[in-house]
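Novice: Okay, here's the structure, questions in a sec.
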Amino acid sequence: MNGNMLIKNASQLITLSGFAAKKGKEMGELGVIHNGAVMIENGRISAVGKNQEVFKERDESILRQRGFCILDASDRAVLPGFVDSHTHFIFAGYRAEEFAMRLAGADYMEIMKRGGGILNTVAATRKATEEQLMSLGSKRLDSMLSHGVTTIEGKSGYGLDRDTEIKQLKIMTELNNTHPIDIVNTFLGAHAVPGEYSGNGDAFIAFLIEELMPEVADKNLAEFCDVFCEKKVFSTDQSARLLQCAKRMGLKLKLHADEMEHIGGGELAAELGAVSADHLLYASARAVREMAEAGVVATLLPLTAFSLRKPYARGRYMIDQGCALALATDFNPGSCFSESIPLLIALATINMSLTPEEAITALTINGAAALDRADIIGSIDAGKQADIILLENPSYHFLAYHIGVSVVEKVIKKGKLVFDKKQGGIIHC
Ligand code: NIG
Ligand code: FE
């Protein structure tokens with residue numbers, strides 16, 4: 001396969017056309033073309049439109065001779081690949097017992113305070129070898145790919161010491177080079193205060209700022225810096241100190257904001273010009289207004305709220321206030337052990353009252369915007385990377401309608417077929 005392809009006869013070609021986040025009402029506009037086609041050359045989209053606008057049938061044999069793969073998308077909806085803009089997928093060990101404890105009534109933050117939670121995964125991840133983490137990561141990426149995900153963000157944050165944080169980031173860089181899914185690295189050294197710094201969050205922040213972050217930035221190991229800005233974890237002051245320094249070192253900013261309580265994470269994201277603020281279960285009306293004005297993407301993670309039995313973030317309200325919303329899984333071993341895009345769409349539409357169109361926008365162009373990549377992925381536009389999915393149904397509505405079941409039939413990454421349900425799943429080239 002050479003990254004040259006013609007997709008033709010799409011019953012719906014959902015372009016999401018655009019090169020920036022869609023805000024408010026714009027989130028309902030999918031840019032649907034009926035009987036659509038996409039021409040792909042060297043992994044990039046070169047033409048998009050109705051069949052007859054993109055190619056002439058008499059030219060098909062020439063395209064074949066030139067090595068083009070011709071894909072007939074009759075009775076299928078065609079969309080940009082999904083962008084999962086918030087995951088913690090490199091970790092060792094599982095926390096199934098903690099999950100059972102939570103089902104029985106234990107509180108997530110209480111478990112964390114007793115040395116479980118994130119610190120439990122930190123202990124296992126520190127012990128794991130690179131090979132073990134690589135193999136776990138690769139399998140998790142395969143599962144994401146089968147759901148139609150073509151780009152993800154991955155965070156460190158299960159090391160909380162120099163060597164393990166760097167190990168996590170390097171593994172993601174390596175997987176980015178070897179696995180079809182593109183991975184955007186985020187440095188989340190400030191995920192929890194490790195045992196060595198217990199009771200001294202300020203000293204840990206100083207260590208991150210003075211020792212670890214300069215190395216991460218110098219070696220180009222991450223594009224974003226994130227912080228768990230939350231009561232009893234890192235205060236808004238500590239978060240601001242860390243993020244301002246990250247910005248000076250050339251990293252872009254993200255925040256875990258107002259997940260368990262409102263402490264002003266959303267407001268801080270707007271003030272610092274973060275690319276996204278994530279979770280936002282308890283974001284204030286002021287935060288929503290300021291994020292909309294500052295162009296901060298509000299990334300909502302309903303699988304986490306569901307798994308923690310917390311109220312969902314006010315997605316409907318945020319869109320109505322003119323925010324750009326992204327949806328992501330938050331895949332991690334604790335608060336949300338799920339990479340399920342179908343369940344995510346079900347929660348967003350059924351429980352949060354997003355329309356199917358808004359949910360799709362949030363998972364494509366706005367997910368790309370949450371990674372500062374809306375200029376290269378997230379829509380089917382000429383010039384963009386050819387990351388495209390075909391559904392097994394003729395209408396995008398099946399994404400929400402077929403509850404909890406993946407309707408993704410084929411995944412094309414940079415113009416190459418990398419997953420095909422009909423050929424038994426992942427295609428290893
Ligand atoms: O996004 N809130 C902090 N981080 C993750 C949970 C990580 C974990 O429990 O291991 C989250 O919910
Ligand atoms: Fe998270």
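If you're wondering about the labels, chains in the structure tokens are A, B, ... by order shown, residues count from 1 in each chain, ligands from 1 in order shown.
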Counting only C-alpha atoms and all ligand atoms, what residues are within 10 Å of ligand 2, given as a count of residues only?
Specialist: 27
Novice: Tell me which protein, DNA and RNA residues are within 9 Å of Arg162 in chain A, counting only C-alpha atoms, leaving out same-chain ones fewer than 5 positions away, and put them as JSON, numbers by chain.
Specialist: {"A": [167, 189, 208, 211, 212]}
Novice: If you count only C-alpha atoms, which residues fall within 12 Å of range 245-248 of chain A, apart from same-chain ones fewer than 5 positions away, as a PyMOL selection string?
Specialist: chain A and resi 186-190+205-206+208-218+222-227+238-240+253-254+272-275
Novice: Residues at most 10 Å from Glu29 in chain A, counting only C-alpha atoms, excluding those fewer than 6 positions away in the same chain, as a ChimeraX atom specification?
Specialist: /A:14-17,22,357-358,360-361
Novice: Just asking: which residues within range 205-298 of chain A are strand (DSSP E) according to DSSP, as an NGL selection string?
Specialist: :A and (224-229 or 252-257 or 276-279 or 297-298)
Novice: What's the separation between CA of Met291 in chain A and CA of Asp84 in chain A, in Å to one decimal place?
Specialist: 20.4 Å
Novice: Contacts of Val38 in chain A at 6 Å or less, counting only C-alpha atoms, minus same-chain residues fewer than 5 places along, as an MDAnalysis selection string?
Specialist: chainID A and resid 6:7 47:48
Novice: Save the residues we just selected, C-alpha atoms, as a compact mmCIF listing (two decimals), in the first residue's frame?
Specialist:
```txt
# COMPACT_ATOMS: atom_id res chain seq x y z
CA LEU A 6 -10.01 6.66 -4.18
CA ILE A 7 -13.07 6.30 -1.97
CA ALA A 47 -9.90 16.19 -3.67
CA VAL A 48 -13.30 15.94 -1.96
```
Novice: Go through A:Glu261, A:Glu153, A:Asp372, A:Glu339 one by one, measure the shortest atom-to-atom distance of each to Gly295 in chain A using only C-alpha atoms, and give the residue with the smallest value.
Specialist: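 That would be A:Asp372, the residue with the smallest distance to Gly295 in chain A.
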Novice: For range 168-227 of chain A versus range 135-151 of chain A, which residues have an atom no more than 9 Å away, and what is each residue's nearest atom pair and distance in Å rounded to one decimal, using only C-alpha atoms, chain-then-number order, as JSON lines?
Specialist:
```
{"residue": "A:Ile171", "atom": "CA", "partner": "A:Gly137", "partner_atom": "CA", "distance": 8.4}
{"residue": "A:Met172", "atom": "CA", "partner": "A:Gly137", "partner_atom": "CA", "distance": 8.2}
{"residue": "A:Leu175", "atom": "CA", "partner": "A:Ser138", "partner_atom": "CA", "distance": 7.0}
{"residue": "A:His179", "atom": "CA", "partner": "A:Ser138", "partner_atom": "CA", "distance": 7.2}
{"residue": "A:Pro180", "atom": "CA", "partner": "A:Thr150", "partner_atom": "CA", "distance": 7.5}
{"residue": "A:Ile181", "atom": "CA", "partner": "A:Thr150", "partner_atom": "CA", "distance": 5.0}
{"residue": "A:Asp182", "atom": "CA", "partner": "A:Thr151", "partner_atom": "CA", "distance": 4.6}
{"residue": "A:Ile183", "atom": "CA", "partner": "A:Thr151", "partner_atom": "CA", "distance": 5.9}
{"residue": "A:Val184", "atom": "CA", "partner": "A:Thr151", "partner_atom": "CA", "distance": 7.8}
```
Novice: Taking 5 positions as the minimum chain separation for residues in the same chain, which residues sit within 12 Å of Gly199 in chain A when counting only C-alpha atoms? Answer as a PyMOL selection string.
Specialist: chain A and resi 113+192-194+204+232-234
Novice: Determine, counting only C-alpha atoms, which protein, DNA and RNA residues have an atom within 9 Å of an atom of Ala287 in chain A; residues of the same chain fewer than 4 positions away are not included. Present the result as a PDB file with all heavy atoms, in the first residue's frame.
Specialist:
```
ATOM      1  N   GLY A 264     -11.639  26.459  40.463  1.00  0.00           N
ATOM      2  CA  GLY A 264     -11.227  27.541  39.562  1.00  0.00           C
ATOM      3  C   GLY A 264     -10.293  27.099  38.450  1.00  0.00           C
ATOM      4  O   GLY A 264      -9.602  27.924  37.847  1.00  0.00           O
ATOM      5  N   GLY A 265     -10.278  25.813  38.150  1.00  0.00           N
ATOM      6  CA  GLY A 265      -9.410  25.306  37.079  1.00  0.00           C
ATOM      7  C   GLY A 265      -9.819  25.833  35.708  1.00  0.00           C
ATOM      8  O   GLY A 265      -8.965  26.145  34.876  1.00  0.00           O
ATOM      9  N   GLY A 266     -11.115  25.934  35.473  1.00  0.00           N
ATOM     10  CA  GLY A 266     -11.597  26.431  34.176  1.00  0.00           C
ATOM     11  C   GLY A 266     -11.192  27.886  33.971  1.00  0.00           C
ATOM     12  O   GLY A 266     -10.726  28.279  32.891  1.00  0.00           O
ATOM     13  N   GLU A 267     -11.349  28.677  35.014  1.00  0.00           N
ATOM     14  CA  GLU A 267     -10.968  30.099  34.940  1.00  0.00           C
ATOM     15  C   GLU A 267      -9.459  30.208  34.674  1.00  0.00           C
ATOM     16  O   GLU A 267      -9.017  31.035  33.870  1.00  0.00           O
ATOM     17  CB  GLU A 267     -11.294  30.816  36.259  1.00  0.00           C
ATOM     18  CG  GLU A 267     -12.780  31.030  36.524  1.00  0.00           C
ATOM     19  CD  GLU A 267     -13.457  29.862  37.236  1.00  0.00           C
ATOM     20  OE1 GLU A 267     -12.937  28.730  37.202  1.00  0.00           O
ATOM     21  OE2 GLU A 267     -14.535  30.076  37.815  1.00  0.00           O
ATOM     22  N   LEU A 268      -8.687  29.360  35.352  1.00  0.00           N
ATOM     23  CA  LEU A 268      -7.230  29.407  35.174  1.00  0.00           C
ATOM     24  C   LEU A 268      -6.846  29.046  33.727  1.00  0.00           C
ATOM     25  O   LEU A 268      -5.960  29.663  33.129  1.00  0.00           O
ATOM     26  CB  LEU A 268      -6.557  28.440  36.162  1.00  0.00           C
ATOM     27  CG  LEU A 268      -5.042  28.396  36.131  1.00  0.00           C
ATOM     28  CD1 LEU A 268      -4.440  29.747  36.526  1.00  0.00           C
ATOM     29  CD2 LEU A 268      -4.502  27.295  37.064  1.00  0.00           C
ATOM     30  N   ALA A 269      -7.544  28.064  33.172  1.00  0.00           N
ATOM     31  CA  ALA A 269      -7.271  27.661  31.786  1.00  0.00           C
ATOM     32  C   ALA A 269      -7.468  28.849  30.841  1.00  0.00           C
ATOM     33  O   ALA A 269      -6.659  29.088  29.936  1.00  0.00           O
ATOM     34  CB  ALA A 269      -8.182  26.499  31.382  1.00  0.00           C
ATOM     35  N   ALA A 270      -8.551  29.601  31.069  1.00  0.00           N
ATOM     36  CA  ALA A 270      -8.822  30.772  30.215  1.00  0.00           C
ATOM     37  C   ALA A 270      -7.747  31.839  30.413  1.00  0.00           C
ATOM     38  O   ALA A 270      -7.234  32.409  29.451  1.00  0.00           O
ATOM     39  CB  ALA A 270     -10.209  31.331  30.530  1.00  0.00           C
ATOM     40  N   ALA A 283     -17.420  23.026  36.656  1.00  0.00           N
ATOM     41  CA  ALA A 283     -17.007  24.339  36.125  1.00  0.00           C
ATOM     42  C   ALA A 283     -18.121  25.371  36.364  1.00  0.00           C
ATOM     43  O   ALA A 283     -19.308  25.067  36.194  1.00  0.00           O
ATOM     44  CB  ALA A 283     -16.712  24.221  34.637  1.00  0.00           C
ATOM     45  N   MET A 291     -13.880  30.620  29.095  1.00  0.00           N
ATOM     46  CA  MET A 291     -13.283  29.646  28.157  1.00  0.00           C
ATOM     47  C   MET A 291     -13.793  29.892  26.740  1.00  0.00           C
ATOM     48  O   MET A 291     -13.026  29.807  25.777  1.00  0.00           O
ATOM     49  CB  MET A 291     -13.601  28.213  28.590  1.00  0.00           C
ATOM     50  CG  MET A 291     -12.800  27.779  29.804  1.00  0.00           C
ATOM     51  SD  MET A 291     -12.872  26.006  30.085  1.00  0.00           S
ATOM     52  CE  MET A 291     -14.589  25.755  30.294  1.00  0.00           C
ATOM     53  N   ALA A 292     -15.088  30.196  26.627  1.00  0.00           N
ATOM     54  CA  ALA A 292     -15.650  30.483  25.294  1.00  0.00           C
ATOM     55  C   ALA A 292     -14.937  31.700  24.690  1.00  0.00           C
ATOM     56  O   ALA A 292     -14.537  31.690  23.523  1.00  0.00           O
ATOM     57  CB  ALA A 292     -17.153  30.719  25.389  1.00  0.00           C
TER      58      ALA A 292
END
```
Novice: Can you list, as a PyMOL selection string, all residues belonging to range 231-313 of chain A that DSSP tags as alpha helix (DSSP H)?
Specialist: chain A and resi 236-248+265-272+285-294+302-308
Novice: Please, could you write that set of residues out with N, CA and C atoms as an mmCIF file, in the first residue's frame?
Specialist:
```cif
data_model
loop_
_atom_site.group_PDB
_atom_site.id
_atom_site.type_symbol
_atom_site.label_atom_id
_atom_site.label_comp_id
_atom_site.auth_asym_id
_atom_site.auth_seq_id
_atom_site.Cartn_x
_atom_site.Cartn_y
_atom_site.Cartn_z
ATOM 1 N N THR A 236 -4.748 25.840 42.546
ATOM 2 C CA THR A 236 -4.651 26.698 41.357
ATOM 3 C C THR A 236 -3.320 27.457 41.362
ATOM 4 N N ASP A 237 -2.822 27.835 42.544
ATOM 5 C CA ASP A 237 -1.520 28.531 42.604
ATOM 6 C C ASP A 237 -0.400 27.622 42.106
ATOM 7 N N GLN A 238 -0.383 26.411 42.630
ATOM 8 C CA GLN A 238 0.666 25.463 42.196
ATOM 9 C C GLN A 238 0.537 25.173 40.709
ATOM 10 N N SER A 239 -0.696 25.000 40.255
ATOM 11 C CA SER A 239 -0.922 24.704 38.834
ATOM 12 C C SER A 239 -0.446 25.862 37.968
ATOM 13 N N ALA A 240 -0.764 27.083 38.399
ATOM 14 C CA ALA A 240 -0.377 28.269 37.618
ATOM 15 C C ALA A 240 1.148 28.367 37.529
ATOM 16 N N ARG A 241 1.811 28.121 38.655
ATOM 17 C CA ARG A 241 3.282 28.192 38.668
ATOM 18 C C ARG A 241 3.870 27.205 37.648
ATOM 19 N N LEU A 242 3.360 25.997 37.702
ATOM 20 C CA LEU A 242 3.866 24.948 36.804
ATOM 21 C C LEU A 242 3.579 25.275 35.334
ATOM 22 N N LEU A 243 2.350 25.702 35.073
ATOM 23 C CA LEU A 243 1.945 25.906 33.678
ATOM 24 C C LEU A 243 2.605 27.142 33.067
ATOM 25 N N GLN A 244 2.794 28.179 33.894
ATOM 26 C CA GLN A 244 3.482 29.367 33.356
ATOM 27 C C GLN A 244 4.899 29.007 32.938
ATOM 28 N N CYS A 245 5.515 28.180 33.743
ATOM 29 C CA CYS A 245 6.872 27.761 33.425
ATOM 30 C C CYS A 245 6.871 26.877 32.156
ATOM 31 N N ALA A 246 5.874 25.998 32.062
ATOM 32 C CA ALA A 246 5.763 25.131 30.877
ATOM 33 C C ALA A 246 5.629 25.990 29.619
ATOM 34 N N LYS A 247 4.821 27.013 29.725
ATOM 35 C CA LYS A 247 4.597 27.906 28.576
ATOM 36 C C LYS A 247 5.917 28.567 28.158
ATOM 37 N N ARG A 248 6.666 29.018 29.152
ATOM 38 C CA ARG A 248 7.964 29.653 28.839
ATOM 39 C C ARG A 248 8.901 28.670 28.150
ATOM 40 N N GLY A 265 -10.278 25.813 38.150
ATOM 41 C CA GLY A 265 -9.410 25.306 37.079
ATOM 42 C C GLY A 265 -9.819 25.833 35.708
ATOM 43 N N GLY A 266 -11.115 25.934 35.473
ATOM 44 C CA GLY A 266 -11.597 26.431 34.176
ATOM 45 C C GLY A 266 -11.192 27.886 33.971
ATOM 46 N N GLU A 267 -11.349 28.677 35.014
ATOM 47 C CA GLU A 267 -10.968 30.099 34.940
ATOM 48 C C GLU A 267 -9.459 30.208 34.674
ATOM 49 N N LEU A 268 -8.687 29.360 35.352
ATOM 50 C CA LEU A 268 -7.230 29.407 35.174
ATOM 51 C C LEU A 268 -6.846 29.046 33.727
ATOM 52 N N ALA A 269 -7.544 28.064 33.172
ATOM 53 C CA ALA A 269 -7.271 27.661 31.786
ATOM 54 C C ALA A 269 -7.468 28.849 30.841
ATOM 55 N N ALA A 270 -8.551 29.601 31.069
ATOM 56 C CA ALA A 270 -8.822 30.772 30.215
ATOM 57 C C ALA A 270 -7.747 31.839 30.413
ATOM 58 N N GLU A 271 -7.379 32.052 31.666
ATOM 59 C CA GLU A 271 -6.387 33.097 31.969
ATOM 60 C C GLU A 271 -5.031 32.775 31.327
ATOM 61 N N LEU A 272 -4.657 31.514 31.355
ATOM 62 C CA LEU A 272 -3.328 31.140 30.841
ATOM 63 C C LEU A 272 -3.326 30.862 29.336
ATOM 64 N N ALA A 285 -20.273 29.026 35.811
ATOM 65 C CA ALA A 285 -20.778 29.763 34.638
ATOM 66 C C ALA A 285 -19.707 30.742 34.157
ATOM 67 N N ARG A 286 -18.988 31.330 35.118
ATOM 68 C CA ARG A 286 -17.930 32.282 34.742
ATOM 69 C C ARG A 286 -16.828 31.569 33.944
ATOM 70 N N ALA A 287 -16.457 30.375 34.399
ATOM 71 C CA ALA A 287 -15.414 29.619 33.689
ATOM 72 C C ALA A 287 -15.860 29.322 32.258
ATOM 73 N N VAL A 288 -17.114 28.942 32.118
ATOM 74 C CA VAL A 288 -17.636 28.605 30.789
ATOM 75 C C VAL A 288 -17.566 29.841 29.884
ATOM 76 N N ARG A 289 -17.983 30.968 30.425
ATOM 77 C CA ARG A 289 -17.955 32.211 29.639
ATOM 78 C C ARG A 289 -16.514 32.563 29.255
ATOM 79 N N GLU A 290 -15.623 32.473 30.220
ATOM 80 C CA GLU A 290 -14.233 32.865 29.949
ATOM 81 C C GLU A 290 -13.548 31.889 28.989
ATOM 82 N N MET A 291 -13.880 30.620 29.095
ATOM 83 C CA MET A 291 -13.283 29.646 28.157
ATOM 84 C C MET A 291 -13.793 29.892 26.740
ATOM 85 N N ALA A 292 -15.088 30.196 26.627
ATOM 86 C CA ALA A 292 -15.650 30.483 25.294
ATOM 87 C C ALA A 292 -14.937 31.700 24.690
ATOM 88 N N GLU A 293 -14.750 32.730 25.517
ATOM 89 C CA GLU A 293 -14.090 33.959 25.013
ATOM 90 C C GLU A 293 -12.633 33.727 24.650
ATOM 91 N N ALA A 294 -11.961 32.944 25.479
ATOM 92 C CA ALA A 294 -10.518 32.751 25.265
ATOM 93 C C ALA A 294 -10.224 31.662 24.223
ATOM 94 N N PRO A 302 -17.290 12.018 29.564
ATOM 95 C CA PRO A 302 -18.448 11.445 30.258
ATOM 96 C C PRO A 302 -18.263 10.008 30.742
ATOM 97 N N LEU A 303 -17.337 9.256 30.107
ATOM 98 C CA LEU A 303 -17.109 7.886 30.594
ATOM 99 C C LEU A 303 -16.590 7.922 32.029
ATOM 100 N N THR A 304 -15.818 8.956 32.361
ATOM 101 C CA THR A 304 -15.262 9.070 33.712
ATOM 102 C C THR A 304 -16.357 9.417 34.712
ATOM 103 N N ALA A 305 -17.197 10.397 34.350
ATOM 104 C CA ALA A 305 -18.307 10.760 35.236
ATOM 105 C C ALA A 305 -19.184 9.526 35.480
ATOM 106 N N PHE A 306 -19.433 8.777 34.417
ATOM 107 C CA PHE A 306 -20.257 7.563 34.504
ATOM 108 C C PHE A 306 -19.607 6.554 35.450
ATOM 109 N N SER A 307 -18.293 6.333 35.238
ATOM 110 C CA SER A 307 -17.589 5.342 36.036
ATOM 111 C C SER A 307 -17.468 5.771 37.502
ATOM 112 N N LEU A 308 -17.390 7.088 37.742
ATOM 113 C CA LEU A 308 -17.284 7.600 39.127
ATOM 114 C C LEU A 308 -18.660 7.881 39.735
#
```
Novice: Quote the spacing between CA of Arg76 in chain A and CA of Leu390 in chain A in Å to one decimal place.
Specialist: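 So the answer is 6.3 Å.
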Novice: CA of Lys231 in chain A and CA of Ala100 in chain A are how many Å apart?
Specialist: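 Value for the CA of Lys231 in chain A-CA of Ala100 in chain A distance: 24.3 Å.
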Novice: Using only C-alpha atoms and all ligand atoms, find the one residue out of A:Met352, A:Met318, A:Ile118, A:Ala362 that sits nearest to ligand 1.
Specialist: A:Ile118
Novice: Using only C-alpha atoms and all ligand atoms, which of A:Glu110, A:Asp381, A:Asp375, A:Asp420 sits nearest ligand 1?
Specialist: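 Distance minimum relative to ligand 1 lands on A:Glu110.
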Novice: Using only C-alpha atoms and all ligand atoms, pick whichever of A:Thr125, A:Ser406, A:Thr355, A:Asn220 has the shortest atom-to-atom distance to ligand 1.
Specialist: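 Residue with the minimum atom-to-atom distance to ligand 1: A:Thr125.
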